[in-house]
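Here is entry11.csv, consisting of CSV, C-alpha atoms (C1' of nucleotides):
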chain,number,residue,atom,x,y,z
A,1,MET,CA,-95.5,-110.4,7.2
A,2,ASN,CA,-92.8,-107.8,7.4
A,3,PHE,CA,-93.3,-107.4,11.1
A,4,PHE,CA,-92.5,-111.1,11.9
A,5,LYS,CA,-89.5,-111.0,9.5
A,6,LYS,CA,-88.1,-108.0,11.4
A,7,ILE,CA,-88.5,-109.7,14.7
A,8,PHE,CA,-86.8,-112.8,13.4
A,9,LEU,CA,-83.9,-110.9,12.0
A,10,ASN,CA,-83.4,-108.9,15.2
A,11,SER,CA,-83.5,-112.0,17.4
A,12,ARG,CA,-81.8,-114.5,15.2
A,13,HIS,CA,-78.7,-114.4,17.4
A,14,ILE,CA,-80.7,-115.2,20.4
A,15,ILE,CA,-82.4,-118.0,18.7
A,16,LEU,CA,-79.1,-119.4,17.5
A,17,TYR,CA,-77.8,-119.1,21.1
A,18,GLY,CA,-80.8,-121.1,22.3
A,19,LEU,CA,-80.3,-123.8,19.7
A,20,LEU,CA,-76.6,-124.1,20.6
A,21,LEU,CA,-77.5,-124.4,24.3
A,22,ALA,CA,-80.0,-127.1,23.5
A,23,ILE,CA,-77.4,-129.0,21.4
A,24,LEU,CA,-74.9,-128.8,24.2
A,25,VAL,CA,-77.3,-130.0,26.8
A,26,PHE,CA,-78.2,-133.0,24.6
A,27,THR,CA,-74.5,-133.7,24.0
A,28,LEU,CA,-73.7,-133.5,27.7
A,29,LYS,CA,-76.6,-135.9,28.5
A,30,TRP,CA,-75.4,-138.2,25.8
A,31,LEU,CA,-71.8,-138.1,27.2
A,32,GLN,CA,-73.1,-138.6,30.7
A,33,TRP,CA,-75.0,-141.7,29.6
A,34,LYS,CA,-72.3,-143.0,27.3
A,35,PHE,CA,-69.2,-142.8,29.6
A,36,LEU,CA,-70.9,-142.6,33.0
A,37,ILE,CA,-68.8,-139.6,34.0
A,38,VAL,CA,-67.5,-140.1,37.5
A,39,ASP,CA,-67.1,-137.5,40.2
A,40,ASN,CA,-63.4,-136.9,39.7
A,41,SER,CA,-63.7,-135.9,36.1
A,42,LEU,CA,-66.3,-133.2,37.0
A,43,ASP,CA,-63.6,-130.5,37.0
A,44,ILE,CA,-62.6,-131.2,33.4
A,45,TYR,CA,-66.3,-131.3,32.5
A,46,ILE,CA,-66.9,-127.9,34.1
A,47,GLY,CA,-63.8,-126.5,32.5
A,48,LEU,CA,-65.0,-127.5,29.1
A,49,ILE,CA,-68.4,-126.0,29.7
A,50,ALA,CA,-66.7,-122.8,31.0
A,51,VAL,CA,-64.5,-122.5,27.9
A,52,PHE,CA,-67.4,-123.3,25.6
A,53,PHE,CA,-69.7,-120.7,27.2
A,54,THR,CA,-67.1,-118.1,27.4
A,55,ILE,CA,-66.4,-118.4,23.7
A,56,LEU,CA,-70.2,-118.4,23.1
A,57,GLY,CA,-70.4,-115.2,25.2
A,58,VAL,CA,-67.6,-113.6,23.2
A,59,TRP,CA,-69.3,-114.6,20.0
A,60,LEU,CA,-72.6,-113.3,21.2
A,61,ALA,CA,-71.2,-110.0,22.3
A,62,THR,CA,-69.4,-109.4,19.0
A,63,HIS,CA,-72.5,-110.2,17.0
A,64,LEU,CA,-75.1,-108.6,19.2
A,65,VAL,CA,-73.4,-105.3,20.0
A,66,LYS,CA,-74.2,-102.6,17.5
A,67,THR,CA,-71.2,-101.3,15.6
A,68,LYS,CA,-70.6,-97.7,16.4
A,69,VAL,CA,-71.2,-95.5,13.5
A,70,LYS,CA,-68.9,-92.6,13.4
A,71,THR,CA,-70.0,-90.0,11.0
A,72,VAL,CA,-67.3,-87.8,9.7
A,73,VAL,CA,-68.5,-84.7,7.9
A,74,VAL,CA,-66.2,-83.6,5.2
A,75,GLU,CA,-66.7,-80.1,3.8
A,76,LYS,CA,-66.8,-80.1,0.1
A,77,GLU,CA,-66.4,-76.7,-1.6
A,78,VAL,CA,-69.1,-76.2,-4.2
A,79,TYR,CA,-68.7,-73.2,-6.5
A,80,VAL,CA,-71.9,-71.2,-7.0
A,81,GLU,CA,-72.9,-70.2,-10.4
A,82,THR,CA,-72.2,-66.6,-10.6
A,83,SER,CA,-74.7,-65.9,-13.3
A,84,ASP,CA,-77.6,-66.8,-11.0
A,85,GLU,CA,-76.8,-63.9,-8.7
A,86,ASN,CA,-77.3,-61.3,-11.4
A,87,ARG,CA,-80.3,-63.0,-12.9
A,88,ILE,CA,-83.6,-61.2,-12.3
A,89,ASN,CA,-85.8,-62.5,-9.6
A,90,GLU,CA,-88.9,-63.0,-11.6
A,91,SER,CA,-91.0,-64.1,-8.6
A,92,GLU,CA,-90.2,-61.1,-6.6
A,93,LEU,CA,-90.9,-58.9,-9.6
A,94,LYS,CA,-94.2,-60.5,-10.1
A,95,LYS,CA,-95.2,-59.9,-6.5
A,96,LEU,CA,-94.8,-56.2,-6.9
A,97,ASN,CA,-97.3,-56.2,-9.7
A,98,LEU,CA,-95.6,-53.3,-11.6
A,99,SER,CA,-97.0,-52.1,-14.9
A,100,SER,CA,-94.7,-52.2,-17.9
A,101,ARG,CA,-94.3,-48.5,-17.9
A,102,GLU,CA,-93.5,-48.4,-14.2
A,103,TYR,CA,-90.8,-51.1,-14.7
A,104,GLU,CA,-89.3,-49.0,-17.5
A,105,VAL,CA,-89.2,-46.0,-15.2
A,106,LEU,CA,-87.6,-48.2,-12.5
A,107,GLN,CA,-84.9,-49.3,-14.9
A,108,LEU,CA,-84.0,-45.8,-15.9
A,109,LEU,CA,-84.2,-44.7,-12.3
A,110,ALA,CA,-81.5,-47.4,-11.5
A,111,LYS,CA,-79.3,-45.8,-14.1
A,112,GLY,CA,-79.2,-42.7,-12.1
A,113,TYR,CA,-81.6,-40.8,-14.3
A,114,SER,CA,-83.5,-37.8,-13.0
A,115,ASN,CA,-87.2,-37.3,-13.6
A,116,ALA,CA,-86.3,-34.9,-16.5
A,117,ASP,CA,-83.9,-37.5,-18.0
A,118,ILE,CA,-86.6,-40.2,-17.8
A,119,ALA,CA,-89.2,-37.9,-19.3
A,120,GLU,CA,-86.9,-37.2,-22.2
A,121,THR,CA,-86.0,-40.8,-22.7
A,122,LEU,CA,-89.6,-42.0,-22.7
A,123,PHE,CA,-90.9,-39.0,-24.6
A,124,VAL,CA,-93.4,-38.1,-21.9
A,125,SER,CA,-93.8,-35.1,-19.6
A,126,ILE,CA,-92.2,-34.8,-16.2
A,127,SER,CA,-95.7,-34.9,-14.7
A,128,THR,CA,-96.1,-38.4,-16.1
A,129,VAL,CA,-92.8,-39.5,-14.8
A,130,LYS,CA,-93.7,-38.2,-11.4
A,131,SER,CA,-96.9,-40.1,-11.5
A,132,HIS,CA,-95.1,-43.3,-12.4
A,133,VAL,CA,-92.5,-42.8,-9.8
A,134,SER,CA,-95.1,-42.1,-7.1
A,135,ASN,CA,-97.0,-45.2,-8.0
A,136,LEU,CA,-93.7,-47.1,-8.0
A,137,PHE,CA,-93.0,-45.9,-4.5
A,138,VAL,CA,-96.4,-47.1,-3.3
A,139,LYS,CA,-96.1,-50.5,-4.9
A,140,MET,CA,-92.5,-51.0,-3.6
A,141,ASP,CA,-93.3,-49.5,-0.2
A,142,VAL,CA,-90.5,-46.9,-0.3
A,143,LYS,CA,-90.3,-43.2,0.2
A,144,SER,CA,-87.5,-42.1,-2.2
A,145,ARG,CA,-85.6,-43.1,-5.3
A,146,THR,CA,-82.5,-44.1,-3.3
A,147,GLN,CA,-84.7,-46.5,-1.2
A,148,THR,CA,-86.2,-47.8,-4.4
A,149,LEU,CA,-82.7,-48.6,-5.8
A,150,GLU,CA,-81.6,-50.2,-2.6
A,151,LYS,CA,-84.7,-52.5,-2.5
A,152,ALA,CA,-84.6,-53.2,-6.2
A,153,LYS,CA,-80.9,-54.3,-6.0
A,154,ARG,CA,-81.7,-56.3,-2.9
A,155,LEU,CA,-84.6,-58.2,-4.5
A,156,ASN,CA,-82.6,-58.6,-7.8
A,157,ILE,CA,-85.3,-57.2,-9.9
A,158,ILE,CA,-83.1,-54.9,-12.0
B,1,MET,CA,-39.9,-100.9,32.3
B,2,ASN,CA,-42.4,-99.3,30.1
B,3,PHE,CA,-42.6,-102.5,28.0
B,4,PHE,CA,-43.8,-104.7,30.8
B,5,LYS,CA,-46.2,-102.0,31.9
B,6,LYS,CA,-47.7,-102.0,28.5
B,7,ILE,CA,-48.1,-105.8,28.4
B,8,PHE,CA,-49.8,-105.6,31.8
B,9,LEU,CA,-52.2,-103.0,30.7
B,10,ASN,CA,-53.0,-104.8,27.5
B,11,SER,CA,-53.5,-108.1,29.2
B,12,ARG,CA,-55.2,-106.9,32.4
B,13,HIS,CA,-58.5,-108.2,31.3
B,14,ILE,CA,-57.1,-111.6,30.6
B,15,ILE,CA,-55.5,-111.6,34.1
B,16,LEU,CA,-58.8,-110.6,35.6
B,17,TYR,CA,-60.5,-113.3,33.7
B,18,GLY,CA,-58.1,-115.8,35.0
B,19,LEU,CA,-58.6,-114.6,38.5
B,20,LEU,CA,-62.4,-114.8,38.2
B,21,LEU,CA,-62.0,-118.4,36.8
B,22,ALA,CA,-59.9,-119.3,39.7
B,23,ILE,CA,-62.4,-117.9,42.2
B,24,LEU,CA,-65.2,-119.7,40.5
B,25,VAL,CA,-63.3,-123.0,40.6
B,26,PHE,CA,-62.6,-122.5,44.3
B,27,THR,CA,-66.2,-121.6,45.0
B,28,LEU,CA,-67.4,-124.6,43.1
B,29,LYS,CA,-65.0,-126.9,45.0
B,30,TRP,CA,-66.2,-125.4,48.2
B,31,LEU,CA,-69.9,-125.9,47.3
B,32,GLN,CA,-69.1,-129.5,46.2
B,33,TRP,CA,-67.5,-130.2,49.6
B,34,LYS,CA,-70.2,-128.4,51.6
B,35,PHE,CA,-73.4,-129.7,50.2
B,36,LEU,CA,-72.2,-132.9,48.5
B,37,ILE,CA,-73.9,-132.1,45.3
B,38,VAL,CA,-75.8,-135.0,43.9
B,39,ASP,CA,-76.1,-136.2,40.4
B,40,ASN,CA,-79.6,-135.0,39.8
B,41,SER,CA,-78.7,-131.4,40.6
B,42,LEU,CA,-75.9,-131.4,38.1
B,43,ASP,CA,-78.1,-129.9,35.4
B,44,ILE,CA,-78.8,-126.8,37.5
B,45,TYR,CA,-75.2,-126.7,38.4
B,46,ILE,CA,-74.1,-126.7,34.7
B,47,GLY,CA,-76.8,-124.2,33.9
B,48,LEU,CA,-75.5,-121.8,36.4
B,49,ILE,CA,-72.0,-122.2,35.1
B,50,ALA,CA,-73.2,-121.7,31.6
B,51,VAL,CA,-75.0,-118.5,32.4
B,52,PHE,CA,-72.0,-117.2,34.4
B,53,PHE,CA,-69.5,-117.9,31.7
B,54,THR,CA,-71.7,-116.5,29.0
B,55,ILE,CA,-72.0,-113.3,30.9
B,56,LEU,CA,-68.3,-113.4,31.5
B,57,GLY,CA,-67.7,-113.9,27.8
B,58,VAL,CA,-69.9,-111.0,26.9
B,59,TRP,CA,-68.2,-108.9,29.4
B,60,LEU,CA,-64.8,-110.0,28.1
B,61,ALA,CA,-65.8,-109.3,24.6
B,62,THR,CA,-67.1,-105.8,25.2
B,63,HIS,CA,-63.9,-105.0,27.1
B,64,LEU,CA,-61.3,-106.8,25.1
B,65,VAL,CA,-62.5,-106.5,21.6
B,66,LYS,CA,-62.2,-103.1,20.1
B,67,THR,CA,-65.6,-101.5,19.5
B,68,LYS,CA,-66.2,-101.8,15.8
B,69,VAL,CA,-66.2,-98.2,14.5
B,70,LYS,CA,-67.8,-97.8,11.1
B,71,THR,CA,-66.7,-94.5,9.7
B,72,VAL,CA,-69.2,-92.9,7.4
B,73,VAL,CA,-67.9,-90.0,5.4
B,74,VAL,CA,-70.6,-87.5,4.6
B,75,GLU,CA,-69.9,-84.7,2.2
B,76,LYS,CA,-71.3,-81.4,3.2
B,77,GLU,CA,-71.6,-78.9,0.4
B,78,VAL,CA,-70.2,-75.5,1.3
B,79,TYR,CA,-71.0,-72.8,-1.1
B,80,VAL,CA,-68.2,-70.5,-2.0
B,81,GLU,CA,-68.3,-67.3,-3.9
B,82,THR,CA,-66.5,-67.9,-7.1
B,83,SER,CA,-66.1,-64.4,-8.4
B,84,ASP,CA,-64.8,-61.1,-7.2
B,85,GLU,CA,-68.1,-59.6,-8.3
B,86,ASN,CA,-69.2,-58.9,-4.7
B,87,ARG,CA,-65.8,-57.9,-3.5
B,88,ILE,CA,-64.9,-54.3,-3.1
B,89,ASN,CA,-62.8,-52.9,-5.8
B,90,GLU,CA,-60.0,-51.5,-3.7
B,91,SER,CA,-58.1,-49.9,-6.5
B,92,GLU,CA,-61.1,-48.0,-7.9
B,93,LEU,CA,-61.9,-46.9,-4.4
B,94,LYS,CA,-58.4,-45.7,-3.9
B,95,LYS,CA,-58.5,-43.7,-7.1
B,96,LEU,CA,-61.5,-41.7,-5.9
B,97,ASN,CA,-59.5,-40.6,-2.9
B,98,LEU,CA,-62.5,-40.4,-0.6
B,99,SER,CA,-62.0,-39.5,3.1
B,100,SER,CA,-63.2,-42.0,5.7
B,101,ARG,CA,-66.2,-39.8,6.5
B,102,GLU,CA,-67.1,-39.4,2.9
B,103,TYR,CA,-67.0,-43.2,2.5
B,104,GLU,CA,-69.2,-43.6,5.5
B,105,VAL,CA,-71.7,-41.2,4.0
B,106,LEU,CA,-71.5,-43.1,0.7
B,107,GLN,CA,-72.4,-46.4,2.4
B,108,LEU,CA,-75.4,-44.9,4.2
B,109,LEU,CA,-76.4,-43.3,0.9
B,110,ALA,CA,-76.4,-46.7,-0.7
B,111,LYS,CA,-78.8,-48.0,2.0
B,112,GLY,CA,-81.3,-45.5,0.8
B,113,TYR,CA,-80.8,-43.0,3.6
B,114,SER,CA,-81.8,-39.4,3.3
B,115,ASN,CA,-79.5,-36.6,4.4
B,116,ALA,CA,-81.5,-36.4,7.6
B,117,ASP,CA,-81.1,-40.2,8.2
B,118,ILE,CA,-77.4,-39.9,7.7
B,119,ALA,CA,-77.1,-36.9,10.0
B,120,GLU,CA,-79.0,-38.9,12.7
B,121,THR,CA,-76.8,-42.0,12.2
B,122,LEU,CA,-73.5,-40.1,12.3
B,123,PHE,CA,-74.6,-37.7,15.0
B,124,VAL,CA,-73.8,-34.6,12.9
B,125,SER,CA,-75.9,-31.8,11.5
B,126,ILE,CA,-77.7,-32.0,8.1
B,127,SER,CA,-75.3,-29.2,7.0
B,128,THR,CA,-72.4,-31.5,7.6
B,129,VAL,CA,-74.0,-34.3,5.7
B,130,LYS,CA,-74.7,-31.9,2.8
B,131,SER,CA,-71.0,-30.9,2.8
B,132,HIS,CA,-69.9,-34.5,2.7
B,133,VAL,CA,-72.4,-35.4,0.0
B,134,SER,CA,-71.4,-32.4,-2.1
B,135,ASN,CA,-67.7,-33.3,-1.8
B,136,LEU,CA,-68.6,-36.9,-2.7
B,137,PHE,CA,-70.3,-35.7,-5.8
B,138,VAL,CA,-67.3,-33.7,-6.9
B,139,LYS,CA,-64.9,-36.6,-6.2
B,140,MET,CA,-67.1,-39.2,-8.0
B,141,ASP,CA,-68.0,-36.8,-10.8
B,142,VAL,CA,-71.7,-37.2,-10.5
B,143,LYS,CA,-74.6,-34.8,-10.0
B,144,SER,CA,-77.1,-36.7,-7.8
B,145,ARG,CA,-77.3,-39.5,-5.2
B,146,THR,CA,-78.9,-41.9,-7.7
B,147,GLN,CA,-76.0,-41.3,-10.1
B,148,THR,CA,-73.7,-41.9,-7.2
B,149,LEU,CA,-75.3,-45.2,-6.4
B,150,GLU,CA,-75.2,-46.3,-10.0
B,151,LYS,CA,-71.5,-45.5,-10.3
B,152,ALA,CA,-70.6,-47.0,-6.9
B,153,LYS,CA,-72.4,-50.2,-7.8
B,154,ARG,CA,-70.7,-50.3,-11.2
B,155,LEU,CA,-67.3,-49.8,-9.7
B,156,ASN,CA,-67.9,-52.3,-6.9
B,157,ILE,CA,-66.9,-49.9,-4.2
B,158,ILE,CA,-69.8,-50.5,-1.9
C,1,DG,C1',-121.5,-50.6,-24.0
C,2,DA,C1',-119.8,-50.4,-19.3
C,3,DC,C1',-116.0,-51.3,-16.4
C,4,DT,C1',-111.2,-51.7,-15.1
C,5,DG,C1',-106.6,-50.6,-15.2
C,6,DA,C1',-102.8,-48.3,-17.5
C,7,DT,C1',-101.0,-44.3,-19.4
C,8,DT,C1',-100.9,-39.7,-19.9
C,9,DC,C1',-100.8,-34.9,-18.2
C,10,DA,C1',-101.6,-30.7,-15.3
C,11,DT,C1',-101.6,-27.7,-11.2
C,12,DA,C1',-100.4,-26.5,-6.6
C,13,DC,C1',-97.9,-27.4,-2.9
C,14,DT,C1',-94.3,-29.3,0.5
C,15,DT,C1',-90.2,-31.4,1.2
C,16,DT,C1',-85.8,-32.8,0.2
C,17,DA,C1',-81.7,-32.4,-2.3
C,18,DG,C1',-78.0,-30.0,-4.0
C,19,DT,C1',-74.9,-25.6,-4.6
C,20,DA,C1',-72.1,-21.9,-3.1
C,21,DT,C1',-69.6,-19.7,0.3
C,22,DT,C1',-67.5,-19.2,4.5
C,23,DA,C1',-65.3,-20.7,8.6
C,24,DA,C1',-64.2,-22.8,13.1
C,25,DA,C1',-62.2,-26.8,15.2
C,26,DA,C1',-59.8,-31.1,15.1
C,27,DT,C1',-56.3,-34.1,13.3
C,28,DG,C1',-52.0,-35.7,11.7
C,29,DA,C1',-47.5,-35.4,9.4
C,30,DG,C1',-43.2,-33.1,8.9
D,1,DC,C1',-45.3,-25.5,16.0
D,2,DT,C1',-46.9,-25.1,11.4
D,3,DC,C1',-49.2,-26.5,7.4
D,4,DA,C1',-52.5,-29.3,5.0
D,5,DT,C1',-56.4,-32.0,5.3
D,6,DT,C1',-60.5,-33.4,7.4
D,7,DT,C1',-64.6,-32.7,9.8
D,8,DT,C1',-67.7,-29.9,11.4
D,9,DA,C1',-71.3,-26.4,10.7
D,10,DA,C1',-74.1,-22.3,9.2
D,11,DT,C1',-76.6,-19.4,5.9
D,12,DA,C1',-78.9,-18.5,1.7
D,13,DC,C1',-80.3,-19.9,-2.4
D,14,DT,C1',-81.8,-22.9,-6.4
D,15,DA,C1',-83.2,-27.2,-8.3
D,16,DA,C1',-85.2,-31.4,-8.0
D,17,DA,C1',-88.0,-34.6,-5.8
D,18,DG,C1',-92.2,-36.0,-4.0
D,19,DT,C1',-97.4,-35.5,-2.7
D,20,DA,C1',-102.2,-34.8,-3.6
D,21,DT,C1',-105.8,-34.3,-6.6
D,22,DG,C1',-108.2,-34.4,-10.7
D,23,DA,C1',-108.9,-35.7,-15.3
D,24,DA,C1',-108.5,-37.2,-20.2
D,25,DT,C1',-107.4,-41.1,-23.3
D,26,DC,C1',-106.8,-45.8,-24.5
D,27,DA,C1',-106.8,-51.0,-24.5
D,28,DG,C1',-108.7,-55.0,-23.1
D,29,DT,C1',-112.5,-57.6,-20.5
D,30,DC,C1',-117.0,-59.1,-19.2
Starting from the coordinates I provided, produce the structure as C-alpha cells.
Amino acid sequence: MNFFKKIFLNSRHIILYGLLLAILVFTLKWLQWKFLIVDNSLDIYIGLIAVFFTILGVWLATHLVKTKVKTVVVEKEVYVETSDENRINESELKKLNLSSREYEVLQLLAKGYSNADIAETLFVSISTVKSHVSNLFVKMDVKSRTQTLEKAKRLNII
Amino acid sequence: MNFFKKIFLNSRHIILYGLLLAILVFTLKWLQWKFLIVDNSLDIYIGLIAVFFTILGVWLATHLVKTKVKTVVVEKEVYVETSDENRINESELKKLNLSSREYEVLQLLAKGYSNADIAETLFVSISTVKSHVSNLFVKMDVKSRTQTLEKAKRLNII
DNA sequence: GACTGATTCATACTTTAGTATTAAAATGAG
DNA sequence: CTCATTTTAATACTAAAGTATGAATCAGTC
C-alpha cells in the first residue's frame, strides 16, 4: 500500500503534466473543429502552444527540481558538569576487583603515605601492608606506587 | 557602462530564449515551405513543438530561477571545560621556584617513571636525576615521590 | 564440614629510592 | 669577565620499596 502511495507522490507532477497535455490536445482539436483554423493563422497557433509549453516547462522545472538543502552547522558551547570529572569511575573500579582492604591501602597510597604510614593508620604490620601493596600492583598491572597513582588518577578510581 | 553590462548579464538567458524562438520560427517556416505540411501531420508538428518548448522551459527555469536553497541550521554541541580545575596553577608553580629541569623531572615523576626511566628519557645519568629529585623534594617540602605527586596534584601544577 | 578468598604476618632477599657531600661544566645576567 | 645559578655527575651510604614464599586466621559459601 505504502509502496504505491510513494510512487504516486513522487510522480504526481508527471501525471499532472500528462493530464494538462491531454486537455490541451482536446482543446486544440475542439478549436480546430470549431473555427476551422486556416493556414495563415498557424503562426499564432504555434506561438500560443510555444508560450503555453514554455510556461509548463518552467512550472515543471520549479516543481520537479529538488530544493538544495544547505546544512549550516552552528557550534553551540555546552558546559560540562565539573562534578562528573571528579566522580569515581565505579565501572573501572569494579573491573580491577580490588578487595576492600586493598582499596583502603590504595587510597592511603594516593595521599602520599609510606608503607609505615599505612601500617600505622590501619593498625597492621608493615608486612601486611606490603602484601596488600603487592597484590594491588598485580591487580592494577603496575610495578611501583607512582605508576599506581598515575593509573588510579587516570581511571578516576580515587 | 556597468549598468548596461549588468542588465545584459541578468537578461542574457531571456535574449538567448528569444533567439532560439526566432530560430525555431524560421525553421518551421522553412519546413512549411519545403514539405507543404498537410493538415493530418499537424498533430505530430504540434507535439514536436510542445516537447521542444517544454524542454526549453525546463532549461530556462533551471538557469533563470534561483535554485531554492533551504538552509538547515544544525547545532553541534561542543564541550567546553567550565572550570580551572585542570588548568595549571601558575602562581603556585611560581612560588615553588623550580628550575626548568626540575619541572621536567616532576612531570615525568607524575607519569609514574622511576629514576632510571627519567634518566633514560632525559639522556642523563641516574645520579643527575637523583640530584634533581632531591632538590625537588626540598623545594616542595616533601619526603617521597608519592608525597610529591599528591602535593603537585593538589596544587594543580602538573 | 570442606572450600574459597580475604586478611593477617613473617622472613629473606633484591631493587629502588633517597640523603649527603662534593665538584666540574654550562649558562646567563650585570 | 665575574658571579650566581643551573645542570651535570660521582661516590658512599641509609632507608624504603618491592618480591617471593609460606602460613595462620577468619568469614562466607556450597
Find the spatial neighbours of Val105 of chain A, counting only C-alpha atoms (C1' of nucleotides), within a cut-off of 10 Å - ignore same-chain residues fewer than 5 positions away - and output them as a ChimeraX atom specification.
/A:99-100,110-111,113,115,118-119,121-122,129-130,132-133,136
Gap from atom CA of Glu92 of chain A to atom CA of Ile157 of chain B - Å, one decimal:
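It comes out at 26.0 Å.
One finds atom C1' of DA23 of chain D at 26.4 Å from atom CA of Arg145 of chain A.
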Interface residues on chain A facing chain C, 8 Å, all atoms listed in the file, written as a PyMOL selection string
chain A and resi 99+124-125+127-128
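Across B:Lys76, B:Lys95, B:Ile49, B:Lys143, the tightest approach to chain D is made by B:Lys143 when counting all atoms listed in the file.
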With 10 Å as the cut-off and all atoms listed in the file counted, what is the closest atom pair between each nearby residue of chain D and chain B? Distances in Å to one decimal, ordered by chain and number, as a tab-separated table.
residue	atom	partner	partner_atom	distance
D:DT5	C1'	B:Ser99	CA	9.6
D:DT6	C1'	B:Ser99	CA	7.6
D:DT7	C1'	B:Arg101	CA	8.0
D:DT8	C1'	B:Thr128	CA	6.3
D:DA9	C1'	B:Thr128	CA	6.1
D:DA10	C1'	B:Ser127	CA	7.3
D:DT11	C1'	B:Ser127	CA	9.9
D:DA16	C1'	B:Ser144	CA	9.7
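Between atom CA of Leu98 of chain A and atom CA of Gly112 of chain A the separation is 19.5 Å.
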